[in-house]
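Source file: run_25.txt; contents: compact mmCIF, C-alpha atoms and all ligand atoms.
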# COMPACT_ATOMS: atom_id res chain seq x y z
CA MET A 1180 143.53 -156.18 95.40
CA LYS A 1181 147.03 -156.42 94.08
CA ARG A 1182 149.59 -154.14 95.59
CA GLY A 1183 151.46 -151.73 93.43
CA PHE A 1184 154.40 -149.48 93.63
CA LEU A 1185 156.33 -147.17 91.43
CA ASN A 1186 158.70 -148.71 88.92
CA GLY A 1187 161.91 -147.50 90.52
CA ASN A 1188 162.97 -145.24 87.69
CA LYS A 1189 165.85 -143.63 89.49
CA VAL A 1190 166.88 -140.14 88.50
CA LYS A 1191 169.82 -138.27 90.00
CA GLN A 1192 169.02 -136.08 93.01
CA ARG A 1193 168.79 -132.47 91.89
CA ALA A 1194 167.04 -129.27 92.76
CA LEU A 1195 163.42 -129.25 93.79
CA TYR A 1196 160.82 -128.47 91.19
CA PRO A 1197 160.76 -124.75 90.44
CA LEU A 1198 157.62 -124.29 92.47
CA PRO A 1199 156.38 -121.78 94.94
CA SER A 1200 156.78 -123.76 98.18
CA PRO A 1201 153.81 -126.07 98.41
CA ASN A 1202 151.20 -125.04 100.94
CA ALA A 1203 150.12 -127.59 103.45
CA ASN A 1204 146.32 -127.72 103.37
CA SER A 1205 146.24 -125.98 100.03
CA ASN A 1206 143.06 -126.97 98.31
CA SER A 1207 143.94 -125.60 94.92
CA ASN A 1208 145.31 -127.54 91.98
CA ILE A 1209 148.87 -127.08 90.90
CA SER A 1210 149.34 -128.33 87.41
CA THR A 1211 152.18 -128.44 85.01
CA ASN A 1212 151.93 -128.54 81.28
CA ALA A 1213 155.10 -130.53 81.02
CA ASN A 1214 155.24 -133.01 78.24
CA ALA A 1215 154.38 -135.56 80.83
CA ASP A 1216 152.78 -138.19 78.73
CA ARG A 1217 156.23 -139.16 77.56
CA ASP A 1218 158.64 -141.37 79.41
CA GLY A 1219 160.06 -139.72 82.52
CA ALA A 1220 163.50 -139.23 81.09
CA ASN A 1221 162.08 -137.23 78.24
CA ILE A 1222 159.86 -134.92 80.19
CA ASN A 1223 160.47 -131.33 79.23
CA SER A 1224 162.69 -129.87 81.93
CA GLN A 1225 161.06 -126.46 81.57
CA MET A 1226 158.05 -127.37 83.67
CA ARG A 1227 155.68 -124.48 84.12
CA TYR A 1228 153.47 -124.61 87.16
CA THR A 1229 150.14 -122.95 87.41
CA LYS A 1230 147.94 -122.69 90.42
CA SER A 1231 144.29 -123.07 89.65
CA GLU A 1232 140.93 -123.25 91.38
CA ALA A 1233 140.32 -126.46 93.28
CA HIS A 1234 137.26 -127.15 91.15
CA LYS A 1235 139.03 -126.76 87.82
CA THR A 1236 138.96 -130.01 85.90
CA ASP A 1237 139.71 -129.09 82.29
CA HIS A 1238 143.41 -129.82 82.49
CA SER A 1239 145.20 -130.66 79.27
CA PRO A 1240 145.93 -134.34 78.61
CA ALA A 1241 149.66 -133.70 79.22
CA SER A 1242 149.15 -132.07 82.62
CA ILE A 1243 150.31 -133.46 85.94
CA VAL A 1244 147.88 -132.14 88.53
CA PHE A 1245 148.58 -131.91 92.27
CA THR A 1246 145.13 -131.85 93.76
CA THR A 1247 143.25 -132.57 96.99
CA ILE A 1248 140.17 -134.80 96.97
CA PRO A 1249 137.71 -133.66 98.20
CA PRO A 1250 138.95 -130.08 98.00
CA ARG A 1251 137.57 -128.85 101.33
CA PRO A 1252 138.42 -130.24 104.79
CA ASP A 1253 136.25 -133.29 105.27
CA PRO A 1254 135.41 -135.43 108.30
CA ASP A 1255 136.30 -138.51 106.23
CA GLY A 1256 139.72 -137.09 105.40
CA GLN A 1257 141.29 -135.84 102.21
CA SER A 1258 143.59 -137.46 99.70
CA GLU A 1259 146.49 -135.82 97.97
CA TRP A 1260 146.40 -136.97 94.38
CA ILE A 1261 148.94 -136.51 91.61
CA ALA A 1262 146.53 -136.90 88.73
CA LEU A 1263 147.29 -137.18 85.05
CA GLY A 1264 145.46 -135.16 82.41
CA ASP A 1265 141.71 -135.33 82.79
CA ALA A 1266 141.63 -138.06 85.45
CA LYS A 1267 140.27 -135.61 88.01
CA LYS A 1268 137.43 -134.68 85.69
CA ARG A 1269 136.45 -138.35 85.51
CA VAL A 1270 136.33 -138.74 89.29
CA LEU A 1271 134.38 -135.53 89.86
CA GLY A 1272 131.92 -136.70 87.22
CA VAL A 1273 131.23 -140.06 88.91
CA PRO A 1274 127.57 -140.23 89.98
CA GLY A 1275 127.34 -139.61 93.72
CA TYR A 1276 130.72 -137.84 94.07
CA PRO A 1277 131.63 -136.75 96.72
CA ARG A 1278 130.02 -139.57 98.66
CA ALA A 1279 130.54 -139.70 102.45
CA LEU A 1280 132.14 -142.84 103.83
CA PRO A 1281 129.57 -145.28 105.24
CA SER A 1282 128.79 -145.01 108.93
CA MET A 1283 129.29 -148.26 110.81
CA ASP A 1284 125.65 -148.14 111.99
CA GLY A 1285 126.49 -147.91 115.67
CA GLU A 1286 128.65 -151.03 115.47
CA SER A 1287 131.84 -150.99 117.51
CA VAL A 1288 135.08 -150.48 115.66
CA ALA A 1289 136.05 -153.86 114.24
CA TYR A 1290 139.83 -153.50 114.03
CA GLU A 1291 142.92 -152.21 115.76
CA VAL A 1292 146.45 -151.51 114.58
CA ARG A 1293 149.02 -153.04 116.88
CA ASP A 1294 152.32 -154.83 117.02
CA ALA A 1295 151.92 -158.23 115.44
CA GLY A 1296 153.96 -159.46 118.40
CA ALA A 1297 156.18 -162.41 119.07
CA HIS A 1298 153.65 -164.77 117.56
CA GLU A 1299 154.02 -163.22 114.12
CA LYS A 1300 157.71 -162.47 114.47
CA GLY A 1301 159.20 -159.74 112.32
CA MET A 1302 155.92 -158.49 110.85
CA GLY A 1303 156.01 -155.16 112.67
CA LEU A 1304 152.59 -153.60 113.03
CA GLY A 1305 149.50 -155.36 111.76
CA VAL A 1306 145.72 -154.88 111.75
CA PHE A 1307 143.65 -157.16 113.95
CA ALA A 1308 139.94 -157.87 114.32
CA THR A 1309 138.62 -156.66 117.68
CA ARG A 1310 135.37 -158.63 117.33
CA ASP A 1311 133.97 -161.41 115.19
CA ILE A 1312 133.31 -160.20 111.66
CA ASP A 1313 130.97 -161.95 109.22
CA ALA A 1314 132.06 -162.75 105.68
CA GLY A 1315 131.27 -159.79 103.47
CA ALA A 1316 130.94 -157.29 106.35
CA LEU A 1317 132.63 -153.92 106.06
CA ILE A 1318 135.61 -153.67 108.40
CA PHE A 1319 136.51 -150.09 107.54
CA ALA A 1320 136.49 -147.62 104.69
CA GLU A 1321 139.36 -145.26 104.21
CA ARG A 1322 140.37 -142.41 101.94
CA PRO A 1323 144.05 -142.75 100.97
CA LEU A 1324 146.62 -140.27 102.19
CA LEU A 1325 148.23 -140.18 98.76
CA VAL A 1326 147.41 -141.39 95.25
CA ILE A 1327 150.01 -141.23 92.49
CA PRO A 1328 150.64 -142.74 89.06
CA VAL A 1329 152.20 -146.19 89.18
CA ASN A 1330 154.61 -145.23 86.44
CA SER A 1331 157.29 -143.29 88.27
CA GLY A 1332 158.67 -142.03 84.99
CA ARG A 1333 155.77 -139.63 84.98
CA LEU A 1334 157.04 -137.97 88.12
CA ALA A 1335 160.65 -137.38 87.15
CA THR A 1336 162.21 -134.72 84.96
CA SER A 1337 165.76 -133.83 84.12
CA ASP A 1338 165.39 -131.00 86.66
CA SER A 1339 163.85 -132.99 89.41
CA ASN A 1340 163.48 -136.52 90.67
CA ILE A 1341 160.59 -138.58 91.91
CA GLU A 1342 161.42 -137.87 95.53
CA ASN A 1343 161.03 -134.15 94.95
CA THR A 1344 157.73 -134.61 93.15
CA LEU A 1345 156.45 -136.69 96.04
CA ALA A 1346 157.65 -134.01 98.47
CA ILE A 1347 155.29 -131.55 96.81
CA ALA A 1348 152.28 -133.81 97.34
CA VAL A 1349 153.30 -134.78 100.89
CA GLY A 1350 153.95 -131.10 101.65
CA ARG A 1351 150.36 -130.29 100.71
CA MET A 1352 148.96 -132.75 103.29
CA ARG A 1353 147.49 -131.59 106.58
CA ALA A 1354 149.91 -132.10 109.44
CA GLY A 1355 148.13 -135.18 110.86
CA SER A 1356 148.09 -136.93 107.48
CA ARG A 1357 151.69 -136.03 106.78
CA ASP A 1358 152.78 -137.45 110.14
CA ALA A 1359 150.79 -140.64 109.50
CA PHE A 1360 152.39 -140.97 106.07
CA MET A 1361 155.91 -140.43 107.37
CA GLN A 1362 155.38 -143.08 110.07
CA LEU A 1363 154.55 -145.84 107.58
CA ALA A 1364 156.94 -148.74 107.07
CA ASN A 1365 159.76 -148.27 104.58
CA CYS A 1366 161.67 -151.29 103.32
CA HIS A 1367 163.11 -149.28 100.41
CA ASN A 1368 164.77 -146.44 102.27
CA ASP A 1369 167.69 -146.63 99.84
CA GLU A 1370 165.32 -145.32 97.19
CA GLY A 1371 164.38 -142.27 99.23
CA PRO A 1372 162.31 -141.65 102.34
CA LEU A 1373 159.13 -140.91 100.37
CA LEU A 1374 159.53 -143.22 97.39
CA GLY A 1375 160.48 -145.97 99.83
CA ILE A 1376 157.21 -145.49 101.72
CA VAL A 1377 155.29 -145.56 98.45
CA ARG A 1378 157.02 -148.72 97.28
CA THR A 1379 156.45 -150.48 100.61
CA ASN A 1380 152.81 -149.51 101.09
CA GLY A 1381 151.20 -148.72 97.72
CA TRP A 1382 148.02 -150.51 96.66
CA ILE A 1383 147.03 -150.53 93.00
CA VAL A 1384 143.81 -148.63 92.36
CA ARG A 1385 142.41 -150.46 89.36
CA GLU A 1386 139.14 -148.61 89.50
CA LEU A 1387 140.86 -145.26 88.97
CA SER A 1388 142.36 -146.17 85.64
CA ASP A 1389 140.11 -146.67 82.68
CA GLU A 1390 142.90 -148.45 80.88
CA GLY A 1391 143.88 -151.17 83.37
CA GLU A 1392 146.75 -151.47 85.78
CA GLY A 1393 149.34 -152.40 83.17
CA THR A 1394 149.17 -149.03 81.49
CA ASP A 1395 150.69 -145.67 82.13
CA LYS A 1396 147.42 -144.41 83.55
CA ALA A 1397 147.24 -146.74 86.56
CA TYR A 1398 147.51 -145.35 90.10
CA THR A 1399 148.81 -146.56 93.42
CA ALA A 1400 147.43 -145.44 96.78
CA ILE A 1401 148.95 -145.19 100.23
CA CYS A 1402 146.54 -145.41 103.17
CA LYS A 1403 147.03 -144.82 106.87
CA ILE A 1404 145.34 -148.01 108.13
CA ALA A 1405 145.19 -150.34 105.13
CA ALA A 1406 148.96 -149.91 104.72
CA ARG A 1407 149.37 -151.67 108.05
CA ILE A 1408 147.72 -154.83 106.76
CA ASN A 1409 150.34 -157.53 106.40
CA HIS A 1410 150.60 -160.10 103.66
CA SER A 1411 149.38 -163.68 103.57
CA CYS A 1412 148.95 -166.02 100.60
CA MET A 1413 145.67 -166.97 102.37
CA PRO A 1414 144.11 -163.48 102.50
CA ASN A 1415 141.00 -162.88 104.60
CA ILE A 1416 140.08 -159.40 103.42
CA HIS A 1417 138.82 -157.95 100.20
CA ALA A 1418 139.52 -154.37 99.11
CA ARG A 1419 137.58 -152.34 96.59
CA PHE A 1420 138.09 -148.70 95.67
CA ASP A 1421 134.91 -146.64 95.39
CA LEU A 1422 135.41 -143.72 93.05
CA ALA A 1423 132.46 -141.67 94.32
CA SER A 1424 133.83 -141.57 97.89
CA PHE A 1425 137.45 -141.82 96.69
CA ALA A 1426 138.03 -144.50 99.30
CA PHE A 1427 138.96 -148.13 99.81
CA TYR A 1428 136.33 -150.40 101.34
CA ILE A 1429 137.91 -153.23 103.28
CA ARG A 1430 135.58 -156.19 103.85
CA ALA A 1431 135.95 -159.61 105.39
CA ALA A 1432 136.47 -162.11 102.57
CA ARG A 1433 135.45 -164.88 104.98
CA GLY A 1434 134.33 -164.98 108.61
CA ILE A 1435 137.05 -163.50 110.85
CA LYS A 1436 137.28 -164.17 114.60
CA ALA A 1437 138.09 -161.52 117.23
CA GLY A 1438 141.86 -161.33 117.65
CA GLU A 1439 142.65 -162.70 114.17
CA GLN A 1440 145.01 -160.66 112.05
CA LEU A 1441 143.72 -159.18 108.79
CA PHE A 1442 145.73 -160.19 105.76
CA HIS A 1443 145.69 -159.41 102.12
CA SER A 1444 147.89 -160.80 99.41
CA TYR A 1445 150.62 -158.54 98.06
CA CYS A 1446 150.97 -160.87 95.07
CA SER A 1447 148.65 -162.89 92.89
CA VAL A 1448 147.33 -165.93 94.78
CA ASN A 1449 147.36 -167.95 91.55
CA LEU A 1450 151.12 -168.33 91.66
CA PRO A 1451 153.11 -171.35 92.85
CA LEU A 1452 155.41 -170.93 95.86
CA THR A 1453 158.61 -169.91 94.05
CA ALA A 1454 156.81 -167.30 91.95
CA ARG A 1455 155.09 -165.91 95.05
CA ARG A 1456 158.45 -165.67 96.80
CA ALA A 1457 159.87 -163.79 93.81
CA ALA A 1458 156.90 -161.42 93.70
CA LEU A 1459 157.25 -160.71 97.43
CA ALA A 1460 161.02 -160.16 97.35
CA PRO A 1461 160.70 -156.35 97.07
CA TYR A 1462 158.95 -156.32 100.46
CA ALA A 1463 161.98 -157.85 102.16
CA PHE A 1464 160.32 -160.71 104.06
CA THR A 1465 159.72 -164.40 103.54
CA CYS A 1466 156.11 -165.35 103.91
CA ALA A 1467 155.57 -168.02 106.54
CA CYS A 1468 151.82 -168.47 106.12
CA HIS A 1469 150.38 -171.98 106.27
CA ALA A 1470 150.18 -172.16 102.46
CA CYS A 1471 153.89 -171.36 102.14
CA THR A 1472 155.12 -173.60 104.92
CA HIS A 1473 153.00 -176.50 103.62
CA ALA A 1474 153.48 -175.84 99.91
CA SER A 1475 153.83 -178.92 97.70
CA PRO A 1476 153.64 -179.75 93.99
CA THR A 1477 149.92 -180.43 94.58
CA SER A 1478 149.26 -177.02 96.12
CA ASP A 1479 151.31 -175.34 93.38
CA THR A 1480 149.17 -177.03 90.76
CA LEU A 1481 145.99 -176.11 92.62
CA ARG A 1482 146.99 -172.44 92.70
CA ARG A 1483 147.97 -172.43 89.05
CA GLU A 1484 144.82 -174.17 87.88
CA PHE A 1485 141.99 -173.38 90.27
CA ALA A 1486 140.65 -170.41 88.32
CA THR A 1487 140.47 -172.44 85.10
CA ARG A 1488 138.90 -175.41 86.86
CA VAL A 1489 136.28 -173.26 88.58
CA GLU A 1490 135.42 -171.61 85.27
CA ALA A 1491 134.96 -175.06 83.70
CA TYR A 1492 132.64 -176.08 86.59
CA ARG A 1493 130.72 -172.84 86.18
CA ARG A 1494 130.12 -173.49 82.49
CA MET A 1495 129.22 -177.10 83.13
CA SER A 1496 126.81 -176.15 85.91
CA ASP A 1497 124.80 -174.09 83.48
CA ALA A 1498 123.25 -177.30 82.22
CA TRP A 1499 122.23 -178.39 85.70
CA VAL A 1500 119.44 -175.90 86.29
CA GLY A 1501 116.25 -174.69 84.66
CA LYS A 1502 114.99 -175.94 81.36
CA LYS A 1503 118.41 -177.21 80.33
CA ALA A 1504 118.48 -179.71 83.19
CA SER A 1505 117.30 -182.76 81.33
CA LYS A 1506 118.72 -185.21 83.85
CA LYS A 1507 119.92 -185.44 87.40
CA VAL A 1508 123.56 -184.75 88.19
CA ASP A 1509 125.61 -187.80 88.91
CA GLU A 1510 126.41 -188.29 92.61
CA GLY A 1511 130.12 -188.56 91.73
CA VAL A 1512 130.05 -185.09 90.21
CA VAL A 1513 128.49 -183.68 93.37
CA ARG A 1514 131.27 -185.19 95.43
CA GLU A 1515 133.95 -183.97 93.03
CA LEU A 1516 132.83 -180.36 93.37
CA GLU A 1517 132.42 -180.61 97.13
CA GLU A 1518 135.93 -182.04 97.43
CA PHE A 1519 137.34 -179.30 95.25
CA ARG A 1520 135.64 -176.69 97.40
CA LYS A 1521 137.31 -178.20 100.48
CA GLU A 1522 140.69 -178.05 98.77
CA LEU A 1523 140.18 -174.35 98.05
CA VAL A 1524 139.28 -173.72 101.69
CA SER A 1525 142.27 -175.57 103.09
CA GLU A 1526 144.61 -173.76 100.68
CA GLY A 1527 143.14 -170.45 101.93
CA LEU A 1528 141.66 -169.55 98.56
CA ASP A 1529 138.14 -169.12 99.95
CA GLY A 1530 138.71 -165.36 100.19
CA THR A 1531 138.87 -165.06 96.40
CA ARG A 1532 136.14 -164.04 93.97
CA THR A 1533 136.73 -167.33 92.16
CA TYR A 1534 135.63 -169.19 95.29
CA GLY A 1535 132.31 -167.34 95.08
CA VAL A 1536 131.89 -168.64 91.53
CA MET A 1537 132.61 -172.16 92.83
CA LEU A 1538 129.80 -171.78 95.36
CA SER A 1539 127.35 -170.81 92.64
CA ALA A 1540 128.33 -173.88 90.60
CA ILE A 1541 127.71 -176.12 93.63
CA LEU A 1542 124.41 -174.38 94.31
CA ARG A 1543 123.18 -175.24 90.82
CA LEU A 1544 124.11 -178.81 91.43
CA TYR A 1545 122.23 -178.92 94.77
CA MET A 1546 119.17 -177.43 93.10
CA ASN A 1547 119.34 -179.98 90.32
CA SER A 1548 119.48 -182.82 92.77
CA GLY A 1549 116.80 -181.43 95.10
CA ARG A 1550 119.13 -180.89 98.08
CA ILE A 1551 117.11 -178.02 99.43
CA GLY A 1552 118.68 -177.88 102.91
CA GLU A 1553 122.25 -177.75 101.58
CA ALA A 1554 121.19 -175.24 98.93
CA ARG A 1555 119.72 -172.94 101.62
CA VAL A 1556 122.97 -172.94 103.62
CA LEU A 1557 124.92 -172.13 100.48
CA VAL A 1558 122.55 -169.34 99.49
CA GLU A 1559 123.08 -167.71 102.88
CA GLU A 1560 126.86 -167.92 102.47
CA MET A 1561 126.61 -166.46 98.98
CA ARG A 1562 124.30 -163.70 100.19
CA GLN A 1563 126.92 -162.60 102.71
CA ARG A 1564 129.70 -162.77 100.16
CA GLN A 1565 127.69 -160.71 97.70
CA ARG A 1566 128.55 -157.69 99.83
CA LEU A 1567 132.13 -158.04 98.59
CA GLU A 1568 130.96 -156.64 95.28
CA GLY A 1569 129.04 -153.74 96.83
C1 LIG A 1601 152.70 -152.50 103.93
S1 LIG A 1601 153.77 -152.87 105.24
C2 LIG A 1601 152.68 -153.72 106.32
C3 LIG A 1601 152.64 -153.11 107.67
C4 LIG A 1601 153.93 -153.22 108.43
N1 LIG A 1601 154.04 -154.48 109.13
C5 LIG A 1601 154.09 -152.08 109.42
O1 LIG A 1601 154.65 -152.29 110.49
O2 LIG A 1601 153.68 -150.96 109.08
C6 LIG A 1601 154.75 -154.09 104.49
C7 LIG A 1601 155.88 -154.58 105.36
O3 LIG A 1601 155.36 -155.31 106.44
C8 LIG A 1601 156.13 -156.47 106.67
N2 LIG A 1601 155.33 -157.65 106.37
C9 LIG A 1601 154.16 -157.70 105.70
N3 LIG A 1601 153.69 -158.94 105.64
C10 LIG A 1601 154.56 -159.72 106.27
C11 LIG A 1601 154.63 -161.13 106.52
N4 LIG A 1601 153.70 -161.96 106.11
N5 LIG A 1601 155.70 -161.58 107.20
C12 LIG A 1601 156.68 -160.76 107.65
N6 LIG A 1601 156.67 -159.41 107.42
C13 LIG A 1601 155.63 -158.91 106.74
C14 LIG A 1601 157.33 -156.40 105.74
O4 LIG A 1601 158.35 -155.74 106.44
C15 LIG A 1601 156.81 -155.51 104.63
O5 LIG A 1601 157.83 -154.83 103.96

Can you turn what I pasted into structure tokens?
Ligand SMILES: C[S@@+](CC[C@H](N)C(=O)[O-])C[C@H]1O[C@@H](n2cnc3c(N)ncnc32)[C@H](O)[C@@H]1O
Amino acid sequence: MKRGFLNGNKVKQRALYPLPSPNANSNSNISTNANADRDGANINSQMRYTKSEAHKTDHSPASIVFTTIPPRPDPDGQSEWIALGDAKKRVLGVPGYPRALPSMDGESVAYEVRDAGAHEKGMGLGVFATRDIDAGALIFAERPLLVIPVNSGRLATSDSNIENTLAIAVGRMRAGSRDAFMQLANCHNDEGPLLGIVRTNGWIVRELSDEGEGTDKAYTAICKIAARINHSCMPNIHARFDLASFAFYIRAARGIKAGEQLFHSYCSVNLPLTARRAALAPYAFTCACHACTHASPTSDTLRREFATRVEAYRRMSDAWVGKKASKKVDEGVVRELEEFRKELVSEGLDGTRTYGVMLSAILRLYMNSGRIGEARVLVEEMRQRQRLEG
């Protein structure tokens, strides 16, 4: 899951939105009919706020809606959401909404948040496995504290700035959530205490936008626990947002040992070192993961090309099974794919979806060449990884 933050569309600090002071714990919607589908600078300054029933969903396409999901206090927590237009209607219409977060089936808690310590100097807090975790297993599920549009222009008007808009949403949080939010790391304090937290900790929620993350309708989410997960270019977790429970599901992308730190990648893993460094610059640290400290022209090429190469293997492997398999795969091809798999593992790319595709290509090859034992081992690995999609 790529991280995301507001495009710092700075607007001069001015008076707070002309709103009745936002109620903490309020479970109603506050919406404005501002001309908010325009660029921030052009938003009509005469914003009119209306308070409406928490279950109202027929907001006009131009509305900005401050809402709480789910609307009533919930053991799994509540998210404050600044939703655009009819986005809320879409979520409430998702089959199964509002789904409870999964219970961990009596399993002990698999993670802890603690100081990353001297070993991982300068990282601050991090999230660590407290027991061995199998690939694909759920580590935790979490409803975000706050979800807001990625495009900050949406949240600014000539009467108010982004910081003030965020203050409304944060002000609506329950005290415990608000405290947790305010304690999160902020490497952009110059941009404002709230916007800085958003920019440091936001995760793109692709699943919430029906138009993709590059559009105006994409959202970013700030979580209490997931926000403590540090970056590595060799990520070992996989995050997926489930609309019905309005929550992130964090799973092990490969087997994780007790005591290991959980990592996800704040930038695309397909990038060479210099591009990764550039993408990470806004987070104010230099990544010192194994892939960065051992980067070379070879590893840069691998990162740039592995997705294309795996796709080519996948297409090729189609001919290796079933009726299409007119002949046995050459031993050299078997070795080539096995070697490539090893390269992906040592570069730390075995936590990616693409690696799963690579496994299926190799499986086809094992089946073609009658390597039943090796095929069985691979099937088991793929079975575990399948949970990453669930
Ligand atoms: C989303 S926060 C992660 C949690 C944070 N460490 C904390 O204490 O809350 C992002 C910030 O953590 C730190 N960080 C994350 N990954 C890091 C890494 N690989 N090396 C050093 N610092 C890192 C940076 O300060 C970054 O701005």

Residues up to 10 Å from ligand LIG 1601 (chain A), counting only C-alpha atoms and all ligand atoms: could you list those as number ranges by chain? A: 1182, 1292-1295, 1299-1306, 1362-1367, 1376-1382, 1401-1412, 1442-1445, 1459-1468

Counting only C-alpha atoms, find residues at most 12 Å from (154.0, -174.0, 100.2) (file frame) and give them as number ranges by chain. A: 1411-1413, 1448, 1450-1456, 1465-1482, 1526-1527

Store the residues picked out above, limited to C-alpha atoms, as an mmCIF file, in the coordinates of the input.
data_model
loop_
_atom_site.group_PDB
_atom_site.id
_atom_site.type_symbol
_atom_site.label_atom_id
_atom_site.label_comp_id
_atom_site.auth_asym_id
_atom_site.auth_seq_id
_atom_site.Cartn_x
_atom_site.Cartn_y
_atom_site.Cartn_z
ATOM 1 C CA SER A 1411 149.380 -163.680 103.570
ATOM 2 C CA CYS A 1412 148.950 -166.020 100.600
ATOM 3 C CA MET A 1413 145.670 -166.970 102.370
ATOM 4 C CA VAL A 1448 147.330 -165.930 94.780
ATOM 5 C CA LEU A 1450 151.120 -168.330 91.660
ATOM 6 C CA PRO A 1451 153.110 -171.350 92.850
ATOM 7 C CA LEU A 1452 155.410 -170.930 95.860
ATOM 8 C CA THR A 1453 158.610 -169.910 94.050
ATOM 9 C CA ALA A 1454 156.810 -167.300 91.950
ATOM 10 C CA ARG A 1455 155.090 -165.910 95.050
ATOM 11 C CA ARG A 1456 158.450 -165.670 96.800
ATOM 12 C CA THR A 1465 159.720 -164.400 103.540
ATOM 13 C CA CYS A 1466 156.110 -165.350 103.910
ATOM 14 C CA ALA A 1467 155.570 -168.020 106.540
ATOM 15 C CA CYS A 1468 151.820 -168.470 106.120
ATOM 16 C CA HIS A 1469 150.380 -171.980 106.270
ATOM 17 C CA ALA A 1470 150.180 -172.160 102.460
ATOM 18 C CA CYS A 1471 153.890 -171.360 102.140
ATOM 19 C CA THR A 1472 155.120 -173.600 104.920
ATOM 20 C CA HIS A 1473 153.000 -176.500 103.620
ATOM 21 C CA ALA A 1474 153.480 -175.840 99.910
ATOM 22 C CA SER A 1475 153.830 -178.920 97.700
ATOM 23 C CA PRO A 1476 153.640 -179.750 93.990
ATOM 24 C CA THR A 1477 149.920 -180.430 94.580
ATOM 25 C CA SER A 1478 149.260 -177.020 96.120
ATOM 26 C CA ASP A 1479 151.310 -175.340 93.380
ATOM 27 C CA THR A 1480 149.170 -177.030 90.760
ATOM 28 C CA LEU A 1481 145.990 -176.110 92.620
ATOM 29 C CA ARG A 1482 146.990 -172.440 92.700
ATOM 30 C CA GLU A 1526 144.610 -173.760 100.680
ATOM 31 C CA GLY A 1527 143.140 -170.450 101.930
#

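The spacing separating CA of Tyr1276 in chain A from CA of Leu1422 in chain A amounts to 7.6 Å.
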
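Minimum distance to Val1273 in chain A across A:Leu1387, A:Leu1567, A:Ala1308, A:Val1500 (counting all atoms listed in the file) occurs at A:Leu1387.
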
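The coordinates place CA of Asp1421 in chain A at 24.9 Å from CA of Asp1358 in chain A.
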